[in-house]
Every structure is written in structure tokens, then in C-alpha cells.
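Engineer: Handing over target.cif, mmCIF, C-alpha atoms.
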```cif
data_work
#
loop_
_atom_site.label_atom_id
_atom_site.label_comp_id
_atom_site.auth_asym_id
_atom_site.auth_seq_id
_atom_site.Cartn_x
_atom_site.Cartn_y
_atom_site.Cartn_z
CA MET A 1 111.11 181.36 25.97
CA SER A 2 114.61 180.77 24.60
CA MET A 3 117.44 181.30 27.02
CA MET A 4 120.96 182.58 26.41
CA THR A 5 123.60 182.14 29.07
CA TYR A 6 126.19 183.91 31.15
CA SER A 7 129.29 182.01 32.26
CA LEU A 8 130.00 182.80 35.90
CA SER A 9 133.72 182.14 35.52
CA ALA A 10 134.66 183.95 32.32
CA ILE A 11 132.73 187.13 31.52
CA LEU A 12 133.45 190.76 30.88
CA LEU A 13 131.52 192.53 33.63
CA LEU A 14 129.59 195.55 32.45
CA ALA A 15 129.55 198.39 34.95
CA ALA A 16 125.99 199.10 36.02
CA PRO A 17 124.52 201.15 38.88
CA TRP A 18 122.13 198.33 39.87
CA LEU A 19 124.99 195.97 40.76
CA LEU A 20 125.67 195.70 44.49
CA VAL A 21 129.19 195.42 45.86
CA ASP A 22 129.86 193.73 49.20
CA ALA A 23 133.61 193.67 50.02
CA GLN A 24 135.02 191.66 47.11
CA LEU A 25 131.67 190.38 45.94
CA THR A 26 129.55 191.84 43.16
CA TYR A 27 126.00 190.75 42.41
CA PRO A 28 122.74 192.15 40.99
CA ASN A 29 119.79 193.35 43.01
CA CYS A 30 116.48 191.47 43.18
CA ASP A 31 112.99 192.80 42.66
CA PRO A 32 111.50 193.67 46.09
CA SER A 33 108.57 191.29 45.47
CA TRP A 34 111.03 188.44 45.93
CA SER A 35 111.93 189.49 49.48
CA TRP A 36 110.46 186.19 50.76
CA SER A 37 113.54 184.49 49.28
CA PHE A 38 115.99 186.65 51.28
CA ASN A 39 117.77 185.37 54.37
CA SER A 40 117.28 186.72 57.86
CA ILE A 41 119.90 189.45 57.39
CA ASN A 42 118.13 190.71 54.26
CA GLN A 43 120.52 189.22 51.70
CA SER A 44 119.06 188.20 48.36
CA PRO A 45 119.65 184.80 46.72
CA CYS A 46 122.15 186.54 44.42
CA ALA A 47 124.13 187.81 47.39
CA VAL A 48 124.19 184.45 49.19
CA ALA A 49 125.15 182.65 45.97
CA ALA A 50 128.07 185.07 45.50
CA TYR A 51 129.26 184.41 49.07
CA LEU A 52 129.20 180.64 48.63
CA GLN A 53 130.95 180.61 45.27
CA SER A 54 133.64 182.97 46.55
CA VAL A 55 134.82 180.23 48.94
CA CYS A 56 136.58 178.53 46.02
CA ASP A 57 137.87 181.83 44.60
CA ASN A 58 139.75 183.40 47.50
CA GLY A 59 136.74 185.33 48.70
CA VAL A 60 136.19 187.09 45.37
CA PHE A 61 133.24 186.51 43.08
CA THR A 62 131.12 188.39 40.57
CA ILE A 63 127.61 187.59 39.41
CA PRO A 64 126.77 189.82 36.45
CA ASP A 65 123.43 191.49 36.02
CA LEU A 66 121.09 189.99 33.44
CA VAL A 67 121.17 193.12 31.33
CA LEU A 68 119.61 191.52 28.26
CA ASP A 69 116.29 189.75 27.82
CA ASP A 70 116.31 185.97 27.44
CA PHE A 71 119.59 185.64 29.33
CA SER A 72 120.02 183.24 32.24
CA TYR A 73 122.85 181.94 34.38
CA VAL A 74 124.40 178.61 33.46
CA GLY A 75 126.52 176.29 35.56
CA PRO A 76 130.24 175.54 35.17
CA THR A 77 131.45 175.91 31.59
CA GLY A 78 135.27 176.10 31.51
CA PRO A 79 137.93 173.51 32.43
CA GLY A 80 138.56 175.25 35.73
CA ASP A 81 134.90 174.97 36.70
CA SER A 82 134.39 171.26 36.16
CA SER A 83 135.69 170.29 39.60
CA ASP A 84 134.51 173.39 41.44
CA LEU A 85 132.32 172.07 44.24
CA CYS A 86 131.39 175.64 45.11
CA LYS A 87 129.30 175.58 41.92
CA CYS A 88 128.58 171.87 41.45
CA ASN A 89 125.95 171.44 44.15
CA THR A 90 122.19 171.76 44.47
CA VAL A 91 122.39 174.57 47.04
CA VAL A 92 124.19 177.05 44.80
CA TYR A 93 122.10 175.89 41.85
CA SER A 94 118.90 176.75 43.73
CA LEU A 95 120.24 180.14 44.82
CA MET A 96 121.38 181.00 41.29
CA SER A 97 118.02 179.89 39.89
CA ALA A 98 116.30 182.22 42.35
CA CYS A 99 118.74 184.93 41.25
CA ASP A 100 117.50 184.37 37.70
CA ALA A 101 113.87 184.44 38.80
CA CYS A 102 114.08 187.56 40.94
CA GLN A 103 115.39 189.46 37.90
CA GLY A 104 112.42 188.32 35.80
CA ALA A 105 114.30 185.59 33.91
CA ASN A 106 113.83 181.83 33.60
CA TRP A 107 116.35 179.33 34.94
CA PHE A 108 117.94 176.12 33.73
CA SER A 109 117.23 172.59 34.91
CA TRP A 110 119.53 170.89 37.39
CA ASN A 111 120.81 168.50 34.69
CA THR A 112 121.82 171.43 32.49
CA TRP A 113 123.52 173.21 35.38
CA LYS A 114 125.65 170.21 36.38
CA HIS A 115 126.37 169.05 32.83
CA ASN A 116 130.08 170.00 32.95
CA CYS A 117 130.69 169.01 36.58
CA ASN A 118 133.21 166.21 37.15
CA ASN A 119 132.47 166.14 40.87
CA ILE A 120 129.12 166.90 42.46
CA ASP A 121 128.19 167.32 46.10
CA PRO A 122 125.44 165.05 47.42
CA PRO A 123 121.97 166.60 47.11
CA GLN A 124 121.14 169.26 49.72
CA THR A 125 124.82 169.71 50.59
CA PHE A 126 127.43 172.43 50.19
CA SER A 127 130.74 170.70 50.90
CA HIS A 128 132.40 173.77 52.43
CA THR A 129 131.58 175.62 55.63
CA ILE A 130 129.54 178.77 55.23
CA PRO A 131 131.76 181.88 54.98
CA GLN A 132 131.48 184.79 57.36
CA GLY A 133 129.02 187.50 56.47
CA THR A 134 126.11 185.41 55.20
CA ARG A 135 123.53 182.76 56.06
CA VAL A 136 121.96 180.18 53.78
CA GLN A 137 118.19 180.06 53.52
CA GLU A 138 116.31 176.88 54.40
CA TRP A 139 114.57 176.60 51.02
CA ALA A 140 117.97 176.43 49.24
CA PHE A 141 118.37 172.89 50.63
CA ILE A 142 115.35 171.38 48.84
CA ASP A 143 116.36 168.27 46.88
CA VAL A 144 116.00 169.53 43.32
CA THR A 145 117.05 166.16 41.90
CA LYS A 146 113.51 164.88 42.55
CA GLU A 147 111.77 167.44 40.36
CA GLY A 148 114.74 168.10 38.10
CA ILE A 149 114.46 171.87 38.45
CA TRP A 150 114.35 174.52 41.15
CA ASP A 151 110.73 175.08 42.13
CA PRO A 152 109.87 178.53 43.55
CA VAL A 153 106.47 177.24 44.68
CA LEU A 154 108.04 174.59 46.93
CA SER A 155 110.63 177.12 48.12
CA TYR A 156 107.98 179.68 49.02
CA GLN A 157 105.89 177.06 50.80
CA LEU A 158 108.87 175.85 52.84
CA GLY A 159 109.94 179.33 53.88
CA ASN A 160 113.02 180.20 55.88
CA ARG A 161 112.67 179.19 59.53
CA VAL A 162 116.03 177.46 59.79
CA GLU A 163 119.32 178.74 58.34
CA ILE A 164 122.88 177.51 58.09
CA ILE A 165 125.17 180.07 59.69
CA PRO A 166 128.92 180.67 59.19
CA GLY A 167 131.19 177.87 60.34
CA GLU A 168 128.50 175.18 60.23
CA PRO A 169 128.48 172.22 57.84
CA ALA A 170 126.19 173.20 55.01
CA THR A 171 123.80 170.28 54.76
CA MET A 172 120.12 169.95 55.53
CA THR A 173 118.71 166.63 54.34
CA SER A 174 115.71 166.57 56.69
CA LEU A 175 113.46 169.54 56.06
CA PRO A 176 110.37 170.38 58.14
CA ALA A 177 106.90 170.59 56.70
CA PRO A 178 106.05 173.65 54.57
CA THR A 179 104.66 176.69 56.35
CA THR A 180 101.93 177.25 53.76
CA THR A 181 100.03 175.42 51.04
CA SER A 182 99.73 178.51 48.85
CA THR A 183 100.56 178.05 45.18
CA SER A 184 100.72 181.79 44.53
CA VAL A 185 104.32 182.99 44.76
CA PRO A 186 105.05 186.71 45.19
CA GLY A 187 107.13 187.95 42.26
CA LEU A 188 106.60 184.89 40.06
CA SER A 189 105.32 185.98 36.64
CA SER A 190 102.79 184.03 34.60
CA SER A 191 105.43 183.28 31.95
CA GLN A 192 107.77 181.92 34.63
CA ALA A 193 104.98 179.75 36.03
CA GLN A 194 104.26 178.38 32.54
CA TYR A 195 107.96 177.72 32.02
CA LEU A 196 108.16 175.82 35.30
CA ALA A 197 105.10 173.75 34.37
CA SER A 198 106.74 172.72 31.10
CA LYS A 199 109.94 171.55 32.77
CA GLY A 200 110.77 169.08 35.50
CA ASN A 201 111.91 165.53 35.86
CA THR A 202 110.93 163.32 32.91
CA SER A 203 110.98 160.22 35.11
CA ASP A 204 108.61 161.92 37.53
CA ARG A 205 106.18 162.69 34.72
CA ALA A 206 106.59 159.11 33.52
CA ARG A 207 105.66 157.85 36.98
CA LYS A 208 102.52 160.00 36.94
CA ILE A 209 101.60 158.82 33.47
CA GLY A 210 102.36 155.25 34.52
CA ALA A 211 100.02 155.61 37.48
CA ILE A 212 97.26 156.87 35.19
CA VAL A 213 97.83 154.07 32.67
CA GLY A 214 97.97 151.54 35.48
CA GLY A 215 94.65 152.77 36.81
CA VAL A 216 93.07 152.55 33.36
CA LEU A 217 94.41 149.03 32.82
CA SER A 218 93.16 147.95 36.24
CA GLY A 219 89.72 149.27 35.35
CA VAL A 220 89.76 147.45 32.02
CA ALA A 221 90.84 144.23 33.73
CA LEU A 222 88.03 144.57 36.25
CA VAL A 223 85.44 145.08 33.52
CA ALA A 224 86.85 142.12 31.55
CA ALA A 225 86.64 139.90 34.64
CA ALA A 226 83.03 140.98 35.24
CA VAL A 227 82.10 140.24 31.61
CA ALA A 228 83.80 136.83 31.77
CA LEU A 229 81.92 135.98 34.96
CA PHE A 230 78.63 137.05 33.40
CA LEU A 231 79.23 134.94 30.29
CA TRP A 232 80.25 131.92 32.39
CA ARG A 233 77.12 132.16 34.52
CA ALA A 234 74.95 132.59 31.41
CA ARG A 235 76.55 129.50 29.86
CA VAL A 236 75.94 127.45 32.99
CA LYS A 237 72.33 128.63 33.08
CA ARG A 238 71.82 127.69 29.40
CA ARG A 239 73.22 124.24 30.06
CA ARG A 240 70.85 123.71 32.95
CA VAL A 241 67.85 124.85 30.87
CA THR A 242 68.89 122.63 27.94
CA ARG A 243 69.35 119.61 30.18
CA LYS A 244 65.96 120.12 31.82
CA ALA A 245 64.24 120.51 28.44
CA ALA A 246 65.87 117.32 27.16
CA GLU A 247 64.70 115.42 30.19
CA ILE A 248 61.12 116.62 29.61
CA ILE A 249 61.19 115.75 25.90
CA PHE A 250 62.56 112.25 26.41
CA ALA A 251 60.08 111.56 29.20
CA ASN A 252 57.09 112.61 27.04
CA ARG A 253 58.15 110.67 23.91
CA ALA A 254 58.92 107.29 25.54
CA LEU A 255 55.31 105.95 25.68
CA PRO A 256 54.10 107.11 22.22
CA MET A 257 57.03 105.40 20.51
CA GLN A 258 56.11 102.04 22.08
CA GLU A 259 52.49 102.47 21.00
CA LYS A 260 53.47 103.13 17.39
CA VAL A 261 55.53 99.95 17.29
CA SER A 262 52.65 97.89 18.70
CA LYS A 263 50.19 99.32 16.20
CA GLY A 264 52.53 98.50 13.37
CA LYS A 265 52.61 94.83 14.32
CA ASP A 266 48.80 94.64 14.60
CA GLN A 267 48.39 96.04 11.10
CA GLU A 268 50.70 93.42 9.52
CA GLU A 269 48.83 90.32 10.81
CA PRO A 270 45.59 90.79 8.79
CA HIS A 271 47.63 91.35 5.65
CA ASP A 272 49.33 87.95 6.08
CA VAL A 273 45.96 86.14 6.52
CA VAL A 274 44.60 87.55 3.27
CA SER A 275 47.67 86.42 1.38
CA GLU A 276 47.32 82.76 2.50
CA ALA A 277 43.65 82.64 1.43
CA THR A 278 44.56 83.67 -2.01
#
```
Just give me the structure of the file as C-alpha cells.
Structural biologist:
Amino acid sequence: MSMMTYSLSAILLLAAPWLLVDAQLTYPNCDPSWSWSFNSINQSPCAVAAYLQSVCDNGVFTIPDLVLDDFSYVGPTGPGDSSDLCKCNTVVYSLMSACDACQGANWFSWNTWKHNCNNIDPPQTFSHTIPQGTRVQEWAFIDVTKEGIWDPVLSYQLGNRVEIIPGEPATMTSLPAPTTTSTSVPGLSSSQAQYLASKGNTSDRARKIGAIVGGVLSGVALVAAAVALFLWRARVKRRRVTRKAAEIIFANRALPMQEKVSKGKDQEEPHDVVSEAT
């Protein structure tokens, strides 16, 4: 699926009844099937993302609705966005990706999102304190740099047992074990699942391929070693057989050769006597 983009910093907002307004924040609604991604006060990823990005914009922020098919949100695009740490971090990226997904759209990779960022927060960190009125879901702190893209399966499995509340430093580098091993994510469409499967970290795929190739090469090396050992043992066995056969042959031929020499001498003597008589 091709994806067009919305800039979050420079866009003409189209008035639409499905946009939600919270104080000076405007953001789209999510499909109810994605309620697992909401925080404990029933705010969608779109709402939480608007709150966090408003910290760098005097408490005002608008996330437009994806009114057209094949549209998705993109990271910082303009000169004023390149140093905006409210956007250039994995937490907001994950929330905005979920905001894409809950509207039925695909989402960009982390590398695409941060492409125009001059400064980037460390993974799993939002460098500002959480503003009043919201809480940040636990799954938003997954380290997306490992997979290269926000993964709704991992997010759903992790759940939302722990949240970052207003006034707290927004970092969570040590996450607990997932609450479920389910790979079926409520709200995730088959096309979104296929899109996710086609993306991800190239180096991670290379490591998996490398592991497969390494296993194959190890197997080949093992077979080669076994063949070499077999050939060596066969060669040693042939040498032993050849040596034994030679010993038998030489032992059997030693006496007959002496007899033939003796008989040859006996046959010459009568011949000499006849010659002298003549």
C-alpha cells in the first residue's frame, strides 16, 4: 500500500465532526476495537500524542483526521520541527503510529519518522515531563529501534499495567514481561498485518538470515569432516591390506626362486661335458 503524508506542523485543518477537541487540543477518534491501546483514563493514542506534542507548542496542538485513503502521519518536516524533541522521540512516534493504525491506515518506520530530526531523545524516553490531563501508556515505551517500526503485536502483548503520570520523568527503559502471548491484535486488519510483516529492521532480518546461513554452513562443515574421516580410515585400511598381501606374496615366492636358479645350473653342466667330447 502506498502512503501519502500529513505534516503535523503545517497543515490546513479540515473541519470534521469526528475530530475531538480537548481544551486547545484537536485529534481524531479511534475505532473502538483499538480500545486496548487507550490509557487508564480512556484516552486514545491520538489524544495522548496530542498532549505530548503540545508541550513544545504552548499547550496547543492539532492532529488532523486521516480523511483520505492511503494517508499516514509523518514525522517532523519543516525547519521548525527538526529540533522539536516533542516529536523526535520513540514515545511520540509509537503513539502516532497507533493513531495511524486505529484509523485503519499504515504507519511509517522509525527511520522515516526521525529523518529530519537534528536532535533525538534516547530510545524509550520523552525528554519533557508529562503534561497535566493525560497519562502515557506502558506500550508506548517499547524500544522501536530494535525492530525499526512500531509493532502493534508487541504493544498488545505488553499491555498497559504501568503508566507515566503528569509531572514524572517520561522514561521507561525496563519493561516487564508481556501479559499475553497472543499474536491476534484486536482492530489490526489483515492488510496492516501484511504491511508490518514486510517492514522492520534490515539488520535484524540480516541477523536471522545470518543465523540460518551459519547453521547451514555448520552442517556442511560437519558432513565434510565426516566424509574426510571416512576417506582417511578407508585409506589406512587399504594400506594395511596392501602391506599384508605383499608380505604373503614375498613369503611364498622366496623358495621357488631359489629352486629355479639351482635347476638352471644343473642343466648347464651336461651341456659342457658334451662339448668337450666333441
Engineer: Which residues match the PyMOL selection byres ((chain A and resi 143) around 10) in the file above, as a list of chain:residue names?
Structural biologist: A:Thr90, A:Val91, A:Ser94, A:Pro122, A:Pro123, A:Gln124, A:Thr125, A:Trp139, A:Ala140, A:Phe141, A:Ile142, A:Val144, A:Thr145, A:Lys146, A:Glu147, A:Gly148, A:Ile149, A:Trp150, A:Met172, A:Thr173, A:Ser174, A:Leu175
Engineer: Would you please work out which residue, of A:Ile130, A:Trp107, A:Asn39, A:Asp84, is nearest to Lys199 of chain A when using all atoms listed in the file?
Structural biologist: A:Trp107
Engineer: Quick one: distance from atom CA of Asp65 of chain A to atom CA of Leu25 of chain A in Å, one decimal?
Structural biologist: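 So the two atoms, atom CA of Asp65 of chain A and atom CA of Leu25 of chain A, lie 12.9 Å apart.
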Engineer: Hey, what comes out of the PyMOL selection byres ((chain A and resi 154) around 10) on this file? Could you write it as an NGL selection string?
Structural biologist: :A and (139 or 142 or 150-153 or 155-159 or 178 or 180-183 or 185)
Engineer: What's the separation between atom CA of Asn111 of chain A and atom CA of Ile63 of chain A, in Å to one decimal place?
Structural biologist: 20.8 Å
Engineer: With all atoms listed in the file as the basis for distance, which of A:Ser72, A:Gln24, A:Asn42, A:Thr77 is at the shortest distance from Lys114 of chain A?
Structural biologist: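 Counting all atoms listed in the file, the residue closest to Lys114 of chain A is A:Thr77.
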